[in-house]
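Here is the structure we will look at, set down as structure tokens.
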Amino acid sequence: MSFVSVEQLQKTYSGTPVFSDINFTISKGEFVTLLGPSGCGKSTLLRCIAGLTPVDQGKILLDGQDIVPLNPQKRGIGMVFQSYALFPNMTVEQNVAFGLRMQKVKADDSHKRVAEVLQLVELNDFAKRYPHQLSGGQCQRVALARSLVTRPRLLLLDEPLSALDARIRKHLREQIRQIQRELGLTTIFVTHDQEEALTMSDRIFLMNKGRIVQSGNAENLYASPVDVFAAGFIGNYNLLDAETASRLLQRPVTSRIAIRPETLGLSLQGEPDTLIHNHSLLGNVIRYRVEVRGVELVVDVLNRSPADLYPDGQRVALSIDTSTLCEVA
Amino acid sequence: MSRAEAGTASVYHRSVVYLLFIILLLPLLGTFVYSIASSWSATVLPSGFTFKWYLQLWSDPRFLTAFGHSLLICVGALVLSVVLILPLLFVVHYHFPKLDALMNILILLPFAVPPVVSSVGLLQLYGSGPMAMVGTPWILIGCYFTVALPFMYRAITNNLQAINLHDLMDAAQLLGASTWQAAFLVVLPNLRKGLLVALLLSFSFLFGEFVFANILVGTRYETLQVFLNNMRNSSGHFTSALVISYFLFVLVLTWVATFLNKDKSQ
Ligand SMILES: Nc1ncnc2c1ncn2[C@@H]1O[C@H](COP(=O)(O)OP(=O)(O)OP(=O)(O)O)[C@@H](O)[C@H]1O
Ligand SMILES: [Mg+2]
């Protein structure tokens with residue numbers, strides 16, 4: 001039995017459709033990520049679910065109830081914005097307590113709940129500060145605490161980490177995931193960062209131009225992209241059309257092929273038909289740009305020791321693991 | 001930059017600032033000294049000091065009435081503008097952002113037409129007929145409202161653009177606040193600064209307004225500036241005391257308002 005179910009959702013902005021037929025279901029306690037390039041309609045979808053933007057058609061069922069006719073105050077949905085949207089005139093404590101104040105929760109009860117959720121995001125020492133006295137990461141944790149304190153049925157996060165630097169982002173995404181698990185909170189997370197999506201989610205909905213192109217867990221999405229867009233968006237697939245693929249594999253191929261760079265191997269044994277154009281060091285991986293039989297490919301090799309590095313211009317042998325080749329539409 | 005250079009630069013900066021201060025303060029200082037001089041005509045220095053001009057001024061019922069009139073009209077005009085402009089700004093920025101361009105043109109109109117010209121028009125329009133208001137404080141309140149409009153609109157708009165109005169409203173509404181609650185509890189407190197600046201600016205400007213007051217109302221509802229003008233033939237010491245009193249009043253008002261508005265959060 002699904003907890004959230006979106007059926008044939010449609011949204012048009014002054015004649016141009018943002019999305020026209022969105023369908024998905026989410027079960028209780030699941031962490032789902034909407035992944036897609038900028039402008040594909042992720043924020044709009046989230047705002048429609050929250051009730052901040054009216055939908056043209058379709059149903060959004062939350063716990064069996066159609067929430068489309070309800071206004072945002074009544075939906076019991078929490079949301080964290082990319083811009084934090086903290087109230088500048090209130091302290092951290094007052095910001096977090098705002099939702100309880102609106103629900104007319106008694107003062108001592110409210111106090112206790114605010115303290116609890118500030119504890120959860122490790123910000124109890126900052127309760128009396130104002131938002132402008134906090135770092136970006138701290139602000140985002142306040143925003144998270146503020147939306148958690150009312151115990152929403154569904155939590156929406158719209159690129160909450162994209163304004164933060166890489167280290168804080170990693171830390172915070174683990175913290176978000178841990179809190180989400182602890183509270184068993186059904187969550188929709190929006191991002192355009194594939195790494196974020198792959199590491200955090202129970203399930204990923206890959207969106208493009210207002211459509212959900214593919215949905216599945218991280219392994220599924222990574223290993224078998226359904227089309228060129230999915231292959232191009234996730235990982236660093238080598239995308240070859242049928243003719244180039246035939247030349248590379250030296251057998252007739254009828255469809256487009258996607259090859260993951262880490263499934264290719266380079267070695268000095270075998271026929272040296274591959275020319276190394278250049279390489280770049282990504283840390284634990286070395287990424288080579290090579291050419292074989294007139295086909296340019298990207299090859300990722302684990303960086304074991306500097307001695308194994310192939311210099312630019314060297315000829316090596318290429319091995320292809322044909323079982324991981326992926327035909328895409 | 002070497003230390004010596006920094007030294008000369010700072011001396012230069014300081015002297016410019018002090019010079020500016022002196023230029024601005026000199027007339028005020030002169031007026032002040034004149035207002036406490038018992039007489040100062042044939043000598044280089046005043047012949048003696050006295051507060052009698054102030055005593056005379058502050059016990060003059062005509063002055064006190066004019067002062068009260070000015071206060072009433074300014075406060076009335078500002079209350080009217082706050083009550084009308086705040087909701088207007090909110091609606092423009094929240095629901096119809098495109099109207100902002102139109103508003104920017106509209107608020108320039110009070111500046112585009114010189115007061116002397118527009119007051120003639122106002123005299124014709126409100127001099128007789130169903131809306132005869134000339135000679136009453138009401139026409140001044142209405143007229144001052146239009147004068148205050150640009151200050152209010154610009155200052156509050158800047159303030160509104162500095163906060164993220166839409167996200168704040170969205171966040172408040174998702175947390176259960178109605179549009180009204182969100183506007184009063186979240187948006188309004190963040191406009192305090194801009195509002196105060198606008199009010200102070202408009203107040204000092206309107207308090208010293210003469211042209212409209214003189215032409216539209218004159219002595220029928222005498223304001224401070226009209227009173228000052230009518231006193232131009234009396235003792236210069238007396239009018240100096242008036243100017244200094246007026247200046248001090250605006251100064252104290254500004255100071256109190258800034259003090260009250262001092263941000264708790266800073
Ligand atoms: N208020 C609006 N009026 C008209 N068009 C809009 C409005 N808001 C969004 N759009 C359009 O809808 C489409 C989807 O926008 P949306 O903000 O949902 O994208 P997104 O996937 O969240 O992108 P990003 O990753 O950059 O945030 C865009 O093409 C955008 O131009
Ligand atoms: Mg977005």
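Residues in the structure tokens are numbered from 1 in each chain, the chains being A, B, ... in the order shown, and ligands are numbered from 1 in the order shown.
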For region 256-268 of chain A, work out the shell of residues within 8 Å, counting only C-alpha atoms and skipping chain neighbours fewer than 3 positions away, then give it as a ChimeraX atom specification. /A:231,235-242,245,253,272,297-301,316-321,324-329
Give the residues close to ligand 1, within 7 Å, counting only C-alpha atoms and all ligand atoms; write them as an mmCIF file with N, CA, C and O atoms, in the first residue's frame.
data_model
loop_
_atom_site.group_PDB
_atom_site.id
_atom_site.type_symbol
_atom_site.label_atom_id
_atom_site.label_comp_id
_atom_site.auth_asym_id
_atom_site.auth_seq_id
_atom_site.Cartn_x
_atom_site.Cartn_y
_atom_site.Cartn_z
ATOM 1 N N TYR A 13 2.500 26.362 -17.436
ATOM 2 C CA TYR A 13 2.718 27.782 -17.147
ATOM 3 C C TYR A 13 2.406 28.579 -18.394
ATOM 4 O O TYR A 13 3.125 28.465 -19.382
ATOM 5 N N SER A 14 1.360 29.354 -18.355
ATOM 6 C CA SER A 14 0.927 30.202 -19.468
ATOM 7 C C SER A 14 1.138 29.519 -20.825
ATOM 8 O O SER A 14 1.867 30.011 -21.681
ATOM 9 N N VAL A 18 4.899 22.288 -18.172
ATOM 10 C CA VAL A 18 6.126 21.972 -17.428
ATOM 11 C C VAL A 18 6.235 20.452 -17.325
ATOM 12 O O VAL A 18 7.259 19.863 -17.621
ATOM 13 N N GLY A 36 17.494 15.323 -11.905
ATOM 14 C CA GLY A 36 17.309 15.780 -13.278
ATOM 15 C C GLY A 36 18.037 17.076 -13.517
ATOM 16 O O GLY A 36 18.404 17.766 -12.570
ATOM 17 N N PRO A 37 18.235 17.413 -14.777
ATOM 18 C CA PRO A 37 18.967 18.640 -15.102
ATOM 19 C C PRO A 37 18.151 19.875 -14.747
ATOM 20 O O PRO A 37 16.949 19.793 -14.507
ATOM 21 N N SER A 38 18.812 21.001 -14.744
ATOM 22 C CA SER A 38 18.161 22.262 -14.404
ATOM 23 C C SER A 38 17.001 22.547 -15.358
ATOM 24 O O SER A 38 17.113 22.337 -16.550
ATOM 25 N N GLY A 39 15.899 22.975 -14.807
ATOM 26 C CA GLY A 39 14.755 23.363 -15.633
ATOM 27 C C GLY A 39 13.860 22.225 -16.054
ATOM 28 O O GLY A 39 12.946 22.424 -16.838
ATOM 29 N N CYS A 40 14.085 21.012 -15.527
ATOM 30 C CA CYS A 40 13.268 19.882 -15.979
ATOM 31 C C CYS A 40 11.953 19.805 -15.212
ATOM 32 O O CYS A 40 11.112 18.976 -15.508
ATOM 33 N N GLY A 41 11.769 20.668 -14.218
ATOM 34 C CA GLY A 41 10.480 20.709 -13.531
ATOM 35 C C GLY A 41 10.482 20.097 -12.139
ATOM 36 O O GLY A 41 9.419 19.853 -11.572
ATOM 37 N N LYS A 42 11.640 19.870 -11.558
ATOM 38 C CA LYS A 42 11.702 19.257 -10.227
ATOM 39 C C LYS A 42 11.074 20.155 -9.169
ATOM 40 O O LYS A 42 10.231 19.715 -8.392
ATOM 41 N N SER A 43 11.507 21.411 -9.168
ATOM 42 C CA SER A 43 10.980 22.322 -8.145
ATOM 43 C C SER A 43 9.488 22.508 -8.313
ATOM 44 O O SER A 43 8.746 22.540 -7.329
ATOM 45 N N THR A 44 9.057 22.621 -9.564
ATOM 46 C CA THR A 44 7.627 22.806 -9.814
ATOM 47 C C THR A 44 6.841 21.624 -9.282
ATOM 48 O O THR A 44 5.817 21.789 -8.622
ATOM 49 N N LEU A 45 7.333 20.426 -9.524
ATOM 50 C CA LEU A 45 6.654 19.225 -9.024
ATOM 51 C C LEU A 45 6.566 19.254 -7.499
ATOM 52 O O LEU A 45 5.523 18.976 -6.909
ATOM 53 N N THR A 191 17.495 17.002 -6.381
ATOM 54 C CA THR A 191 18.879 17.393 -6.624
ATOM 55 C C THR A 191 19.189 17.293 -8.109
ATOM 56 O O THR A 191 18.469 16.646 -8.864
ATOM 57 N N HIS A 192 20.248 17.973 -8.543
ATOM 58 C CA HIS A 192 20.705 17.719 -9.902
ATOM 59 C C HIS A 192 22.084 17.083 -9.868
ATOM 60 O O HIS A 192 22.764 16.990 -10.877
#
Return as a PyMOL selection string the residues belonging to chain B that are within 7 Å of chain A, counting only C-alpha atoms. chain B and resi 167-168+170-171+173-177+186+189-190+265
Residues within 8 Å of Gly136 (chain A), please, as a PyMOL selection string. Count only C-alpha atoms; anything in the same chain fewer than 4 positions from it doesn't count. chain A and resi 140+163-164
Got time to write the residues from that selection, all heavy atoms, as a PDB file, in the first residue's frame?
ATOM      1  N   GLN A 140      20.956  25.798   7.125  1.00  0.00           N
ATOM      2  CA  GLN A 140      20.181  24.733   6.512  1.00  0.00           C
ATOM      3  C   GLN A 140      19.713  23.722   7.557  1.00  0.00           C
ATOM      4  O   GLN A 140      18.635  23.163   7.440  1.00  0.00           O
ATOM      5  CB  GLN A 140      21.017  24.075   5.404  1.00  0.00           C
ATOM      6  CG  GLN A 140      20.224  23.359   4.344  1.00  0.00           C
ATOM      7  CD  GLN A 140      19.100  24.188   3.749  1.00  0.00           C
ATOM      8  OE1 GLN A 140      18.096  24.477   4.384  1.00  0.00           O
ATOM      9  NE2 GLN A 140      19.252  24.565   2.494  1.00  0.00           N
ATOM     10  N   ALA A 163      23.837  25.066  -2.047  1.00  0.00           N
ATOM     11  CA  ALA A 163      24.544  26.326  -1.799  1.00  0.00           C
ATOM     12  C   ALA A 163      25.727  26.134  -0.851  1.00  0.00           C
ATOM     13  O   ALA A 163      26.356  27.101  -0.452  1.00  0.00           O
ATOM     14  CB  ALA A 163      23.574  27.360  -1.222  1.00  0.00           C
ATOM     15  N   LEU A 164      26.032  24.877  -0.507  1.00  0.00           N
ATOM     16  CA  LEU A 164      27.065  24.636   0.504  1.00  0.00           C
ATOM     17  C   LEU A 164      28.323  24.063  -0.125  1.00  0.00           C
ATOM     18  O   LEU A 164      28.294  23.500  -1.216  1.00  0.00           O
ATOM     19  CB  LEU A 164      26.530  23.652   1.545  1.00  0.00           C
ATOM     20  CG  LEU A 164      25.211  24.076   2.188  1.00  0.00           C
ATOM     21  CD1 LEU A 164      24.663  22.958   3.043  1.00  0.00           C
ATOM     22  CD2 LEU A 164      25.399  25.331   3.008  1.00  0.00           C
TER      23      LEU A 164
END
Would you please work out which residue, of A:Ala197, A:Leu134, A:Ile179, A:Ile22, is nearest to Leu161 (chain A) when using only C-alpha atoms? A:Ala197
If you run DSSP on the backbone, which residues of region 107-311 of chain A are strand (DSSP E), as number ranges by chain? A: 154-158, 186-191, 203-208, 211-216, 238-240, 256-259, 264-267, 274-281, 285-292, 295-302
Residues as selected, C-alpha atoms, written as a short mmCIF file (atom, residue, chain, number, x, y, z; two decimals), in the first residue's frame, can you do that?
data_model
loop_
_atom_site.label_atom_id
_atom_site.label_comp_id
_atom_site.auth_asym_id
_atom_site.auth_seq_id
_atom_site.Cartn_x
_atom_site.Cartn_y
_atom_site.Cartn_z
CA LEU A 154 5.89 14.08 4.15
CA LEU A 155 9.16 15.99 3.97
CA LEU A 156 10.21 17.78 0.79
CA LEU A 157 13.78 18.96 0.29
CA ASP A 158 14.48 21.19 -2.71
CA THR A 186 8.75 9.71 4.02
CA THR A 187 10.95 12.09 2.07
CA ILE A 188 11.28 13.49 -1.43
CA PHE A 189 14.67 15.00 -2.09
CA VAL A 190 15.43 17.08 -5.16
CA THR A 191 18.88 17.39 -6.62
CA ARG A 203 14.84 5.04 -4.96
CA ILE A 204 15.63 7.57 -7.67
CA PHE A 205 13.26 9.14 -10.17
CA LEU A 206 15.27 10.42 -13.08
CA MET A 207 13.50 13.36 -14.69
CA ASN A 208 14.00 15.02 -18.05
CA ARG A 211 8.90 13.35 -17.65
CA ILE A 212 10.09 10.68 -15.29
CA VAL A 213 12.46 8.84 -17.59
CA GLN A 214 13.52 6.05 -15.30
CA SER A 215 12.98 5.05 -11.72
CA GLY A 216 14.74 2.49 -9.62
CA ASN A 238 30.87 6.26 -23.48
CA LEU A 239 27.92 6.60 -25.84
CA LEU A 240 28.44 5.07 -29.27
CA ARG A 256 23.28 2.44 -29.65
CA ILE A 257 25.67 1.17 -27.04
CA ALA A 258 26.67 2.65 -23.69
CA ILE A 259 29.96 1.53 -22.16
CA LEU A 264 37.28 -1.05 -19.93
CA GLY A 265 40.81 -2.18 -19.16
CA LEU A 266 44.23 -1.17 -20.44
CA SER A 267 47.26 -3.44 -20.42
CA THR A 274 45.04 1.69 -28.53
CA LEU A 275 46.66 5.10 -28.39
CA ILE A 276 46.63 7.08 -25.14
CA HIS A 277 45.74 10.70 -25.96
CA ASN A 278 45.86 12.13 -22.48
CA HIS A 279 44.97 11.38 -18.89
CA SER A 280 43.70 13.18 -15.83
CA LEU A 281 43.97 12.23 -12.21
CA VAL A 285 40.87 6.92 -10.40
CA ILE A 286 42.90 7.85 -13.46
CA ARG A 287 40.79 8.83 -16.43
CA TYR A 288 42.41 8.14 -19.82
CA ARG A 289 41.19 9.49 -23.10
CA VAL A 290 42.16 6.87 -25.70
CA GLU A 291 41.60 6.12 -29.35
CA VAL A 292 41.12 2.68 -30.82
CA VAL A 295 36.89 5.51 -31.88
CA GLU A 296 37.54 7.83 -28.97
CA LEU A 297 36.81 6.38 -25.54
CA VAL A 298 37.11 7.33 -21.90
CA VAL A 299 38.69 4.68 -19.69
CA ASP A 300 38.77 4.79 -15.90
CA VAL A 301 41.52 2.82 -14.19
CA LEU A 302 42.02 2.45 -10.47
#
